[in-house]
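J.: This structure is in structure tokens; I'll ask about it shortly.
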Amino acid sequence: MREARIDLGAIRSNIATLRSAVSPAALMVVVKAEGYGHGAIEAAKAAVDAGTDWLGVVDLAEALALREAGITIPILAWLHGEDADFTAAVAANIDVGVSSLGQLERAAATGGLAQIQIKVDTGLSRNGVEERESAALFERAAAHERAGRVRVRGLWSHLANAGEAEDLEQVRRFTLFVDAARDAGLTPELRHLAATAGALRVPESRFDLVRIGVGVYGLSPFEDASSAELGLRPAMELSAEIISVKRVPAGAGVSYGYAYRTSAETTLALVPLGYADGIPRHASSVAGKTGAADRPGAPVSINGRAYRVCGRVAMDQFVVDVGDDQVRVGDRAILFGDPTTGVPSADDWADAADTINYEIVTRIGPRVTRVFVP
Ligand SMILES: *Cc1c(COP(=O)(O)O)cnc(C)c1O
């Protein structure tokens with residue numbers, strides 16, 4: 001009854017669009033976090049079909065799952081705990097992102113030849129080696145390389161998207177790291193800095209490869225540009241079957257706390273999706289003391305007409321007030337999808353819940369069946 005329809009053709013077409021936008025830079029398609037909620041293996045296979053050069057994930061376990069699914073193209077995994085063991089990753093030919101001397105030593109100790117990509121901190125202040133520690137790390141990496149324990153394939157960092165001047169300052173700092181790595185005797189063939197936003201709007205940040213996540217799924221990383229304006233098609237359409245319809249009088253309280261009361265006799269439709277499925281509780285409509293909605297709920301499309309969530313989103317369900325329209329049990333409520341087809345967008349839901357489209361799709365949970373459209 002709950003369905004996230006994933007259009008793999010949209011994913012392929014988005015990759016083609018992004019590839020031509022960033023050419024000649026190579027493309028890494030990021031499929032972390034279950035492919036931003038779309039399904040990591042299916043998204044990765046679509047990306048391989050569309051000719052991506054690389055896949056990117058956060059965890060080693062995510063990378064190993066892709067290998068187990070038969071995916072053989074290069075993969076980079078970049079976020080590791082203090083006690084990470086890279087042996088299985090190296091055996092499975094997975095590149096290891098290295099952000100510290102400790103990680104470098106563990107990568108050098110697997111008994112195999114570890115392909116590593118050193119992450120430097122150009123100003124985001126997350127992981128990545130800082131400038132004052134980078135010389136020691138580069139020298140130690142060069143020594144391990146000479147001894148045949150590691151190959152430093154890449155040097156990379158991540159943008160803060162804090163504005164054009166800030167992004168260009170990160171580009172400048174990145175080139176200083178590149179020079180320092182060369183001076184230490186390293187010859188990384190992949191220098192990379194940009195994610196979707198930088199790849200599209202900061203050409204100086206493209207270097208040899210760009211790591212594209214949200215754009216692959218057809219969503220815009222910008223507040224001032226829609227998917228369609230970027231030539232992208234949202235790949236996920238989230239819907240559920242309406243499982244109850246009832247006629248109620250004026251003044252009926254709806255859902256927990258009666259945050260919404262009906263203003264006239266009306267029809268309420270029940271949608272079996274809730275915050276346990278990743279539907280934000282912040283997308284509830286909340287009424288003031290007068291009963292008027294202070295904040296309208298997120299939009300929902302039923303039989304081609306637009307309605308809103310009324311009252312609080314609960315763990316498993318929410319209610320839509322459809323007025324006097326004919327809505328039946330079994331009709332589908334579409335929460336979001338490709339807005340060019342007349343349904344709300346993930347951006348609409350992000351606005352209603354005061355968040356970003358990334359969070360809307362990524363949080364869609366495992367009770368929602370993914371249906372893949374080839
Ligand atoms: C998630 C992530 C990306 C992809 O970012 P998008 O904005 O979704 O394109 C790229 N690089 C790193 C390091 C990431 O964590």
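So you can find residues: chains in the structure tokens are A, B, ... in the order shown, residues in each start at 1, and ligands are numbered from 1 in order.
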Using only C-alpha atoms, which protein or nucleic acid residues come within 12 Å of A:Arg370? Drop anything in the same chain fewer than 2 positions from it, and give the result as number ranges by chain.
T.: A: 1-8, 34-35, 37-43, 235-240, 364-368, 372-373
J.: For the selection just defined, write its residues with C-alpha atoms to a file, as a compact mmCIF listing (two decimals), in the first residue's frame.
T.:
# COMPACT_ATOMS: atom_id res chain seq x y z
CA MET A 1 0.00 0.00 0.00
CA ARG A 2 3.03 2.28 0.35
CA GLU A 3 5.15 2.76 -2.72
CA ALA A 4 8.21 4.70 -3.79
CA ARG A 5 8.32 4.35 -7.56
CA ILE A 6 11.88 4.77 -8.75
CA ASP A 7 12.33 5.75 -12.38
CA LEU A 8 15.69 4.27 -13.35
CA GLU A 34 20.62 3.59 0.16
CA GLY A 35 21.11 5.79 -2.88
CA GLY A 37 16.57 6.51 -0.27
CA HIS A 38 16.12 5.30 -3.85
CA GLY A 39 17.84 1.91 -3.39
CA ALA A 40 21.64 1.76 -3.55
CA ILE A 41 22.08 -1.35 -5.69
CA GLU A 42 19.46 -0.41 -8.28
CA ALA A 43 20.70 3.19 -8.46
CA ALA A 235 13.43 9.85 -9.95
CA MET A 236 11.25 9.10 -6.92
CA GLU A 237 7.47 9.28 -6.75
CA LEU A 238 6.10 8.54 -3.28
CA SER A 239 2.50 7.44 -2.94
CA ALA A 240 0.15 5.37 -0.82
CA ILE A 364 11.90 7.39 3.29
CA GLY A 365 12.00 4.19 5.30
CA PRO A 366 12.02 0.44 4.69
CA ARG A 367 8.23 -0.06 5.12
CA VAL A 368 7.83 1.73 1.80
CA PHE A 372 11.75 0.06 -9.92
CA VAL A 373 10.68 1.21 -13.37
J.: Give me, as a ChimeraX atom specification, the set of residues whose atoms come within 9 Å of any atom of ligand 1, counting only C-alpha atoms and all ligand atoms.
T.: /A:28-33,36,56-58,78-79,156-159,193-199,210-217,219-221,358
J.: Counting only C-alpha atoms, give me one row per residue of stretch 80-142 of chain A with an atom at most 7 Å from an atom of stretch 179-185 of chain A, showing the shortest contact pair and its distance in Å to one decimal, sorted by chain then residue number, as JSON lines.
T.:
{"residue": "A:Phe138", "atom": "CA", "partner": "A:Ala181", "partner_atom": "CA", "distance": 5.9}
{"residue": "A:Glu139", "atom": "CA", "partner": "A:Ala184", "partner_atom": "CA", "distance": 5.6}
{"residue": "A:Ala142", "atom": "CA", "partner": "A:Gly185", "partner_atom": "CA", "distance": 6.2}
J.: Write the selection just made, keeping all heavy atoms, as a PDB file, in the first residue's frame?
T.:
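The result, written out as selection02.pdb:
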ATOM      1  N   PHE A 138      51.533  13.293   3.861  1.00  0.00           N
ATOM      2  CA  PHE A 138      51.961  13.072   2.472  1.00  0.00           C
ATOM      3  C   PHE A 138      53.287  12.312   2.429  1.00  0.00           C
ATOM      4  O   PHE A 138      53.478  11.403   1.622  1.00  0.00           O
ATOM      5  CB  PHE A 138      52.119  14.416   1.740  1.00  0.00           C
ATOM      6  CG  PHE A 138      50.823  15.167   1.490  1.00  0.00           C
ATOM      7  CD1 PHE A 138      50.834  16.538   1.245  1.00  0.00           C
ATOM      8  CD2 PHE A 138      49.600  14.510   1.479  1.00  0.00           C
ATOM      9  CE1 PHE A 138      49.660  17.247   1.007  1.00  0.00           C
ATOM     10  CE2 PHE A 138      48.412  15.205   1.245  1.00  0.00           C
ATOM     11  CZ  PHE A 138      48.442  16.579   1.013  1.00  0.00           C
ATOM     12  N   GLU A 139      54.211  12.669   3.323  1.00  0.00           N
ATOM     13  CA  GLU A 139      55.512  11.996   3.312  1.00  0.00           C
ATOM     14  C   GLU A 139      55.397  10.538   3.714  1.00  0.00           C
ATOM     15  O   GLU A 139      56.014   9.668   3.103  1.00  0.00           O
ATOM     16  CB  GLU A 139      56.495  12.732   4.221  1.00  0.00           C
ATOM     17  CG  GLU A 139      57.260  13.725   3.371  1.00  0.00           C
ATOM     18  CD  GLU A 139      57.965  14.806   4.143  1.00  0.00           C
ATOM     19  OE1 GLU A 139      58.461  14.508   5.263  1.00  0.00           O
ATOM     20  OE2 GLU A 139      58.003  15.941   3.626  1.00  0.00           O
ATOM     21  N   ALA A 142      53.919   8.670   0.852  1.00  0.00           N
ATOM     22  CA  ALA A 142      54.907   8.435  -0.218  1.00  0.00           C
ATOM     23  C   ALA A 142      55.830   7.275   0.163  1.00  0.00           C
ATOM     24  O   ALA A 142      56.188   6.443  -0.688  1.00  0.00           O
ATOM     25  CB  ALA A 142      55.711   9.716  -0.472  1.00  0.00           C
TER      26      ALA A 142
END
J.: Compile the contact shell of A:Arg67 as JSON, numbers by chain: residues with an atom at most 12 Å away, counting only C-alpha atoms, same-chain residues fewer than 6 positions apart removed.
T.: {"A": [40, 41, 44, 45, 55, 60, 61, 73, 74, 75, 76, 88, 89, 90, 91, 92, 93, 94]}
J.: How would the residues just chosen look if you wrote them out with N, CA, C and O atoms as a compact mmCIF listing (two decimals), in the first residue's frame?
T.:
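What ended up in part.txt:
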# COMPACT_ATOMS: atom_id res chain seq x y z
N ALA A 40 20.24 1.58 -3.13
CA ALA A 40 21.64 1.76 -3.55
C ALA A 40 22.02 0.86 -4.73
O ALA A 40 22.67 1.30 -5.67
N ILE A 41 21.62 -0.41 -4.66
CA ILE A 41 22.08 -1.35 -5.69
C ILE A 41 21.45 -1.00 -7.04
O ILE A 41 22.14 -0.95 -8.06
N ALA A 44 22.90 2.18 -8.33
CA ALA A 44 24.28 1.95 -8.79
C ALA A 44 24.28 1.24 -10.14
O ALA A 44 25.06 1.60 -11.04
N LYS A 45 23.39 0.26 -10.30
CA LYS A 45 23.36 -0.45 -11.59
C LYS A 45 22.91 0.48 -12.71
O LYS A 45 23.44 0.42 -13.83
N LEU A 55 31.70 4.97 -8.43
CA LEU A 55 30.61 5.06 -7.46
C LEU A 55 31.21 5.53 -6.14
O LEU A 55 32.35 5.17 -5.81
N LEU A 60 32.30 1.48 4.42
CA LEU A 60 32.88 0.30 3.78
C LEU A 60 31.80 -0.76 3.53
O LEU A 60 31.80 -1.42 2.50
N ALA A 61 30.86 -0.91 4.48
CA ALA A 61 29.81 -1.92 4.32
C ALA A 61 28.95 -1.62 3.09
O ALA A 61 28.52 -2.54 2.38
N ILE A 73 32.91 -1.74 -11.11
CA ILE A 73 33.60 -0.48 -11.42
C ILE A 73 34.23 0.09 -10.14
O ILE A 73 33.89 -0.33 -9.04
N PRO A 74 35.14 1.07 -10.30
CA PRO A 74 35.80 1.63 -9.10
C PRO A 74 34.82 2.24 -8.11
O PRO A 74 33.82 2.84 -8.51
N ILE A 75 35.09 2.01 -6.81
CA ILE A 75 34.26 2.54 -5.72
C ILE A 75 35.17 3.20 -4.69
O ILE A 75 36.22 2.65 -4.34
N LEU A 76 34.74 4.36 -4.20
CA LEU A 76 35.43 5.04 -3.10
C LEU A 76 34.50 5.08 -1.89
O LEU A 76 33.33 5.44 -2.01
N ALA A 88 39.16 -6.16 4.13
CA ALA A 88 38.13 -6.64 3.21
C ALA A 88 37.96 -5.67 2.05
O ALA A 88 37.76 -6.07 0.89
N ALA A 89 38.05 -4.37 2.35
CA ALA A 89 37.88 -3.36 1.30
C ALA A 89 39.00 -3.47 0.27
O ALA A 89 38.75 -3.43 -0.95
N VAL A 90 40.22 -3.64 0.76
CA VAL A 90 41.36 -3.74 -0.17
C VAL A 90 41.24 -5.01 -1.01
O VAL A 90 41.44 -4.99 -2.23
N ALA A 91 40.83 -6.10 -0.35
CA ALA A 91 40.66 -7.36 -1.09
C ALA A 91 39.57 -7.23 -2.16
O ALA A 91 39.62 -7.88 -3.19
N ALA A 92 38.58 -6.38 -1.90
CA ALA A 92 37.46 -6.20 -2.84
C ALA A 92 37.72 -5.04 -3.81
O ALA A 92 36.81 -4.63 -4.53
N ASN A 93 38.96 -4.54 -3.79
CA ASN A 93 39.33 -3.48 -4.74
C ASN A 93 38.49 -2.21 -4.56
O ASN A 93 38.05 -1.60 -5.52
N ILE A 94 38.29 -1.86 -3.30
CA ILE A 94 37.55 -0.63 -2.97
C ILE A 94 38.56 0.42 -2.53
O ILE A 94 39.42 0.14 -1.68
J.: So that I can see what lies close to A:Gln317, please list as an MDAnalysis selection string the residues with an atom at most 9 Å from it, counting only C-alpha atoms and leaving out residues fewer than 2 positions away in the same chain.
T.: chainID A and resid 270:275 313:315 319
J.: Identify, with DSSP run on backbone atoms, the residues in stretch 119-327 of chain A assigned to helix (DSSP H, G or I), and express the list as an MDAnalysis selection string.
T.: chainID A and resid 131:146 164:183 196:201 203:205 228:230 256:258 275:277 281:283
J.: Using only C-alpha atoms, pick whichever of A:Lys119, A:Arg312, A:Arg106, A:Arg363 has the shortest atom-to-atom distance to A:Tyr258.
T.: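 Checking each of A:Lys119, A:Arg312, A:Arg106, A:Arg363 against A:Tyr258, counting only C-alpha atoms, the winner is A:Arg312.
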J.: Restricting the calculation to only C-alpha atoms, which member of A:Arg151, A:His282, A:Arg191, A:Arg12 is positioned closest to A:Ala26?
T.: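 Between A:Arg151, A:His282, A:Arg191, A:Arg12, the residue approaching A:Ala26 most closely is A:Arg191.
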J.: When DSSP works through the backbone of this structure, what residues of stretch 220-346 of chain A end up as strand (DSSP E or B), shown as a PyMOL selection string?
T.: chain A and resi 236-241+244-248+253-254+260-261+266-271+286-287+293-295+299-302+305-310+318-323+332-336
J.: Quick one: residues within 12 Å of A:Arg328, only C-alpha atoms counted, chain neighbours fewer than 4 positions away excluded, as JSON, numbers by chain?
T.: {"A": [241, 242, 243, 244, 245, 246, 247, 267, 268, 269, 270, 271, 302, 303, 322, 324, 332, 333]}
J.: At what distance in Å, to one decimal, does atom CA of A:Asp167 lie from atom CA of A:Glu359?
T.: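 So the answer is 23.0 Å.
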J.: Using only C-alpha atoms, which residues sit within 12 Å of A:Gly128 once same-chain residues fewer than 5 positions away are excluded, as a list in words?
T.: Trp78, Leu79, His80, Gly97, Val98, Ser99, Ser100, Leu101, Gln103, Leu104, Gln117, Ile118, Lys119, Val120, Asp121, Thr122, Gly123, Glu133, Ser134, Leu137, Leu155, Trp156, Ser157, His158, Leu159, Phe174, Phe177 and Leu193 of chain A
J.: Write a file of the just-selected residues containing N, CA and C atoms, as an mmCIF file, in the first residue's frame.
T.:
data_model
loop_
_atom_site.group_PDB
_atom_site.id
_atom_site.type_symbol
_atom_site.label_atom_id
_atom_site.label_comp_id
_atom_site.auth_asym_id
_atom_site.auth_seq_id
_atom_site.Cartn_x
_atom_site.Cartn_y
_atom_site.Cartn_z
ATOM 1 N N TRP A 78 34.456 6.693 2.167
ATOM 2 C CA TRP A 78 35.279 7.757 2.761
ATOM 3 C C TRP A 78 35.065 8.103 4.220
ATOM 4 N N LEU A 79 34.172 7.419 4.927
ATOM 5 C CA LEU A 79 33.988 7.812 6.336
ATOM 6 C C LEU A 79 34.195 6.580 7.210
ATOM 7 N N HIS A 80 35.216 6.612 8.057
ATOM 8 C CA HIS A 80 35.599 5.404 8.787
ATOM 9 C C HIS A 80 35.765 5.674 10.267
ATOM 10 N N GLY A 97 39.079 6.199 1.364
ATOM 11 C CA GLY A 97 39.330 7.605 1.661
ATOM 12 C C GLY A 97 40.100 7.680 2.967
ATOM 13 N N VAL A 98 41.196 8.417 2.981
ATOM 14 C CA VAL A 98 42.063 8.494 4.158
ATOM 15 C C VAL A 98 42.131 9.944 4.619
ATOM 16 N N SER A 99 41.759 10.164 5.889
ATOM 17 C CA SER A 99 41.692 11.528 6.430
ATOM 18 C C SER A 99 42.683 11.788 7.541
ATOM 19 N N SER A 100 43.456 10.771 7.924
ATOM 20 C CA SER A 100 44.361 10.956 9.069
ATOM 21 C C SER A 100 45.525 9.977 8.951
ATOM 22 N N LEU A 101 46.551 10.260 9.739
ATOM 23 C CA LEU A 101 47.719 9.386 9.776
ATOM 24 C C LEU A 101 47.329 7.991 10.268
ATOM 25 N N GLN A 103 44.490 6.440 9.898
ATOM 26 C CA GLN A 103 43.828 5.691 8.815
ATOM 27 C C GLN A 103 44.846 5.248 7.768
ATOM 28 N N LEU A 104 45.832 6.111 7.494
ATOM 29 C CA LEU A 104 46.870 5.739 6.517
ATOM 30 C C LEU A 104 47.608 4.495 6.997
ATOM 31 N N GLN A 117 42.723 7.351 -1.325
ATOM 32 C CA GLN A 117 42.514 8.723 -1.796
ATOM 33 C C GLN A 117 42.540 9.611 -0.555
ATOM 34 N N ILE A 118 43.513 10.496 -0.500
ATOM 35 C CA ILE A 118 43.714 11.313 0.697
ATOM 36 C C ILE A 118 42.775 12.511 0.673
ATOM 37 N N LYS A 119 41.999 12.640 1.756
ATOM 38 C CA LYS A 119 41.079 13.773 1.869
ATOM 39 C C LYS A 119 41.728 14.880 2.684
ATOM 40 N N VAL A 120 41.677 16.092 2.139
ATOM 41 C CA VAL A 120 42.251 17.248 2.827
ATOM 42 C C VAL A 120 41.129 18.199 3.204
ATOM 43 N N ASP A 121 41.325 18.921 4.285
ATOM 44 C CA ASP A 121 40.313 19.869 4.760
ATOM 45 C C ASP A 121 40.628 21.246 4.193
ATOM 46 N N THR A 122 39.830 21.679 3.221
ATOM 47 C CA THR A 122 40.052 22.987 2.596
ATOM 48 C C THR A 122 39.145 24.058 3.204
ATOM 49 N N GLY A 123 38.443 23.707 4.294
ATOM 50 C CA GLY A 123 37.641 24.746 4.935
ATOM 51 C C GLY A 123 36.268 24.311 5.401
ATOM 52 N N GLU A 133 49.030 19.252 9.391
ATOM 53 C CA GLU A 133 49.405 17.837 9.514
ATOM 54 C C GLU A 133 49.611 17.169 8.165
ATOM 55 N N SER A 134 49.391 17.948 7.090
ATOM 56 C CA SER A 134 49.371 17.312 5.771
ATOM 57 C C SER A 134 50.763 16.919 5.292
ATOM 58 N N LEU A 137 51.658 13.609 6.658
ATOM 59 C CA LEU A 137 50.825 12.548 6.065
ATOM 60 C C LEU A 137 51.279 12.239 4.641
ATOM 61 N N LEU A 155 43.464 12.709 -4.540
ATOM 62 C CA LEU A 155 43.562 13.743 -3.512
ATOM 63 C C LEU A 155 42.272 14.534 -3.626
ATOM 64 N N TRP A 156 41.584 14.737 -2.496
ATOM 65 C CA TRP A 156 40.252 15.314 -2.632
ATOM 66 C C TRP A 156 39.810 16.081 -1.398
ATOM 67 N N SER A 157 38.733 16.828 -1.583
ATOM 68 C CA SER A 157 38.163 17.612 -0.499
ATOM 69 C C SER A 157 36.691 17.870 -0.826
ATOM 70 N N HIS A 158 36.026 18.669 -0.002
ATOM 71 C CA HIS A 158 34.571 18.852 -0.166
ATOM 72 C C HIS A 158 34.234 20.316 0.075
ATOM 73 N N LEU A 159 33.332 20.853 -0.745
ATOM 74 C CA LEU A 159 32.973 22.273 -0.655
ATOM 75 C C LEU A 159 31.874 22.509 0.387
ATOM 76 N N PHE A 174 42.805 24.113 -2.106
ATOM 77 C CA PHE A 174 42.964 22.757 -2.635
ATOM 78 C C PHE A 174 44.192 22.668 -3.549
ATOM 79 N N PHE A 177 47.286 22.251 -1.596
ATOM 80 C CA PHE A 177 47.468 20.857 -1.151
ATOM 81 C C PHE A 177 47.990 19.988 -2.305
ATOM 82 N N LEU A 193 36.900 17.770 -5.899
ATOM 83 C CA LEU A 193 36.441 18.716 -4.891
ATOM 84 C C LEU A 193 34.923 18.919 -4.947
#
J.: List as a compact mmCIF listing (two decimals) with C-alpha atoms, in the first residue's frame the protein and nucleic acid residues near A:Pro188, meaning an atom at most 6 Å away when only C-alpha atoms are counted, but skip any in the same chain fewer than 3 places from it.
T.:
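So the final result, stored in part09.txt, reads:
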# COMPACT_ATOMS: atom_id res chain seq x y z
CA VAL A 152 47.74 7.17 -3.62
CA ARG A 153 45.25 7.38 -6.44
CA GLY A 154 43.40 10.49 -5.42
J.: How far is it from atom CA of A:Ala306 to atom CA of A:Leu232, in Å with one decimal?
T.: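 Between atom CA of A:Ala306 and atom CA of A:Leu232 the gap is 23.2 Å.
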